[in-house]
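Colleague: Below is one structure. I have some questions about it.
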Amino acid sequence: MIVQSVVKESFTVIGKEGSTLDGGGFIQKLWEDANSHFDQVAHLAKRDQEGNLVGVWGVMSDFSRSFMPWDNFQNGLYLAGVECIDSAEAPDGWTKWIVPAYEYLRVENDQRDVFSQMLQYMREKDIALVGAVHDFTCPQTGKDYMLFPIRKL
């Protein structure tokens, strides 16, 4: 497991929002909804110089919407979406979140227990988790990552 420190300034995600109160499989349903209606937000998506999407995000927050970890890592909110230009307004049926700036520990999500392995790694290194963990998919490589916030900027 390769752990990298990365800094990410505040960014905007527009996506489909749900919560653990929606029942099992809710995250998969959010992604299906977001992907099948992506054309509604494609024009708002942030892109690089070549026109590629900058990022696809599964952003998490506690119920207070303060971007703290889920209650017992079991209960909270999830936004399945795409990084967008900051001035973008969410279309009807979509939700806009502005994620604060953090320093993260980033690890590729290529194993079943990456989350628990990272929490163990952080305990061993005496590194505190200061916010909710986010899922990130790099559109250029297709690789999935988890980002663990360790310092609010």
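Each chain in the structure tokens gets a letter, A, B, ..., in the order shown, and its residues are numbered from 1; ligands are numbered from 1 in order too.
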Leaving out stretch 49-60 of chain A and any residue of its chain fewer than 3 positions from it, which residues lie within 7 Å of it when counting only C-alpha atoms, given as a ChimeraX atom specification?
Modeller: /A:45-46,67,77-83,132-139
Colleague: Please identify the strand (DSSP E or B) residues within chain A (assignment by DSSP from backbone atoms) and present them as a VMD selection string.
Modeller: chain A and resid 3 to 8 11 to 19 45 47 53 56 to 61 71 75 77 to 84 95 to 99 102 to 108 134 to 137 144 to 152
Colleague: Using DSSP secondary structure from the backbone, list all alpha helix (DSSP H) positions within stretch 18-105 of chain A, as a PyMOL selection string.
Modeller: chain A and resi 26-36
Colleague: Please dump the current selection as an mmCIF file, in the first residue's frame; keep N, CA, C and O atoms.
Modeller:
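File again.cif, as written:
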data_model
loop_
_atom_site.group_PDB
_atom_site.id
_atom_site.type_symbol
_atom_site.label_atom_id
_atom_site.label_comp_id
_atom_site.auth_asym_id
_atom_site.auth_seq_id
_atom_site.Cartn_x
_atom_site.Cartn_y
_atom_site.Cartn_z
ATOM 1 N N PHE A 26 -27.383 2.095 -1.115
ATOM 2 C CA PHE A 26 -27.744 3.447 -1.534
ATOM 3 C C PHE A 26 -26.637 4.116 -2.350
ATOM 4 O O PHE A 26 -26.930 4.894 -3.264
ATOM 5 N N ILE A 27 -25.379 3.815 -2.039
ATOM 6 C CA ILE A 27 -24.282 4.460 -2.779
ATOM 7 C C ILE A 27 -24.301 4.009 -4.241
ATOM 8 O O ILE A 27 -24.169 4.830 -5.152
ATOM 9 N N GLN A 28 -24.482 2.721 -4.472
ATOM 10 C CA GLN A 28 -24.553 2.211 -5.846
ATOM 11 C C GLN A 28 -25.712 2.867 -6.600
ATOM 12 O O GLN A 28 -25.577 3.242 -7.767
ATOM 13 N N LYS A 29 -26.839 3.037 -5.933
ATOM 14 C CA LYS A 29 -28.002 3.676 -6.579
ATOM 15 C C LYS A 29 -27.696 5.130 -6.928
ATOM 16 O O LYS A 29 -28.108 5.620 -7.984
ATOM 17 N N LEU A 30 -26.973 5.830 -6.039
ATOM 18 C CA LEU A 30 -26.603 7.215 -6.330
ATOM 19 C C LEU A 30 -25.715 7.294 -7.571
ATOM 20 O O LEU A 30 -25.905 8.155 -8.425
ATOM 21 N N TRP A 31 -24.740 6.380 -7.664
ATOM 22 C CA TRP A 31 -23.849 6.376 -8.824
ATOM 23 C C TRP A 31 -24.615 6.047 -10.099
ATOM 24 O O TRP A 31 -24.370 6.662 -11.148
ATOM 25 N N GLU A 32 -25.532 5.121 -10.029
ATOM 26 C CA GLU A 32 -26.332 4.797 -11.222
ATOM 27 C C GLU A 32 -27.142 6.007 -11.668
ATOM 28 O O GLU A 32 -27.204 6.319 -12.862
ATOM 29 N N ASP A 33 -27.736 6.720 -10.709
ATOM 30 C CA ASP A 33 -28.513 7.920 -11.019
ATOM 31 C C ASP A 33 -27.607 9.003 -11.603
ATOM 32 O O ASP A 33 -27.915 9.601 -12.642
ATOM 33 N N ALA A 34 -26.471 9.267 -10.947
ATOM 34 C CA ALA A 34 -25.553 10.310 -11.426
ATOM 35 C C ALA A 34 -25.019 9.984 -12.817
ATOM 36 O O ALA A 34 -25.003 10.847 -13.705
ATOM 37 N N ASN A 35 -24.602 8.755 -13.024
ATOM 38 C CA ASN A 35 -24.036 8.377 -14.320
ATOM 39 C C ASN A 35 -25.072 8.420 -15.434
ATOM 40 O O ASN A 35 -24.774 8.844 -16.553
ATOM 41 N N SER A 36 -26.293 7.996 -15.145
ATOM 42 C CA SER A 36 -27.313 7.954 -16.196
ATOM 43 C C SER A 36 -27.853 9.338 -16.549
ATOM 44 O O SER A 36 -28.494 9.504 -17.579
#
Colleague: What separation in Å, quoted to one decimal, exists between atom CA of A:Val130 and atom CA of A:Thr12?
Modeller: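 Taking atom CA of A:Val130 and atom CA of A:Thr12, their separation equals 19.3 Å.
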Colleague: Using only C-alpha atoms, which protein or nucleic acid residues come within 10 Å of A:Pro91? Drop anything in the same chain fewer than 4 positions from it, and give the result as a PDB file with C-alpha atoms, in the first residue's frame.
Modeller:
ATOM      1  CA  ILE A  14     -22.193  18.540  -7.935  1.00  0.00           C
ATOM      2  CA  GLY A  15     -23.817  15.162  -7.615  1.00  0.00           C
ATOM      3  CA  GLN A  40     -27.378  17.379 -17.089  1.00  0.00           C
ATOM      4  CA  VAL A  41     -24.129  18.493 -15.399  1.00  0.00           C
ATOM      5  CA  LEU A  44     -20.537  22.391 -15.381  1.00  0.00           C
ATOM      6  CA  THR A  95     -26.813  18.863  -4.979  1.00  0.00           C
ATOM      7  CA  LYS A  96     -23.752  21.115  -4.714  1.00  0.00           C
TER       8      LYS A  96
END
Colleague: Closest to A:Asp62 among A:Tyr145, A:Thr20, A:Met1, A:Cys84, using only C-alpha atoms?
Modeller: A:Thr20
Colleague: Between atom CA of A:Leu129 and atom CA of A:Asn72, what distance in Å does the model show, to one decimal?
Modeller: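 According to the coordinates, atom CA of A:Leu129 and atom CA of A:Asn72 are separated by 12.9 Å.
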Colleague: For the atom pair atom CA of A:Pro69 and atom CA of A:His37, what is the interatomic distance in Å to one decimal place?
Modeller: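 Atom CA of A:His37 lies 28.1 Å from atom CA of A:Pro69.
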Colleague: Taking only C-alpha atoms into account, which of A:Ile2, A:Ser87, A:Gly76, A:Gly142 comes nearest A:Gly23?
Modeller: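 Going through A:Ile2, A:Ser87, A:Gly76, A:Gly142 one by one, the smallest distance to A:Gly23 is for A:Gly76.
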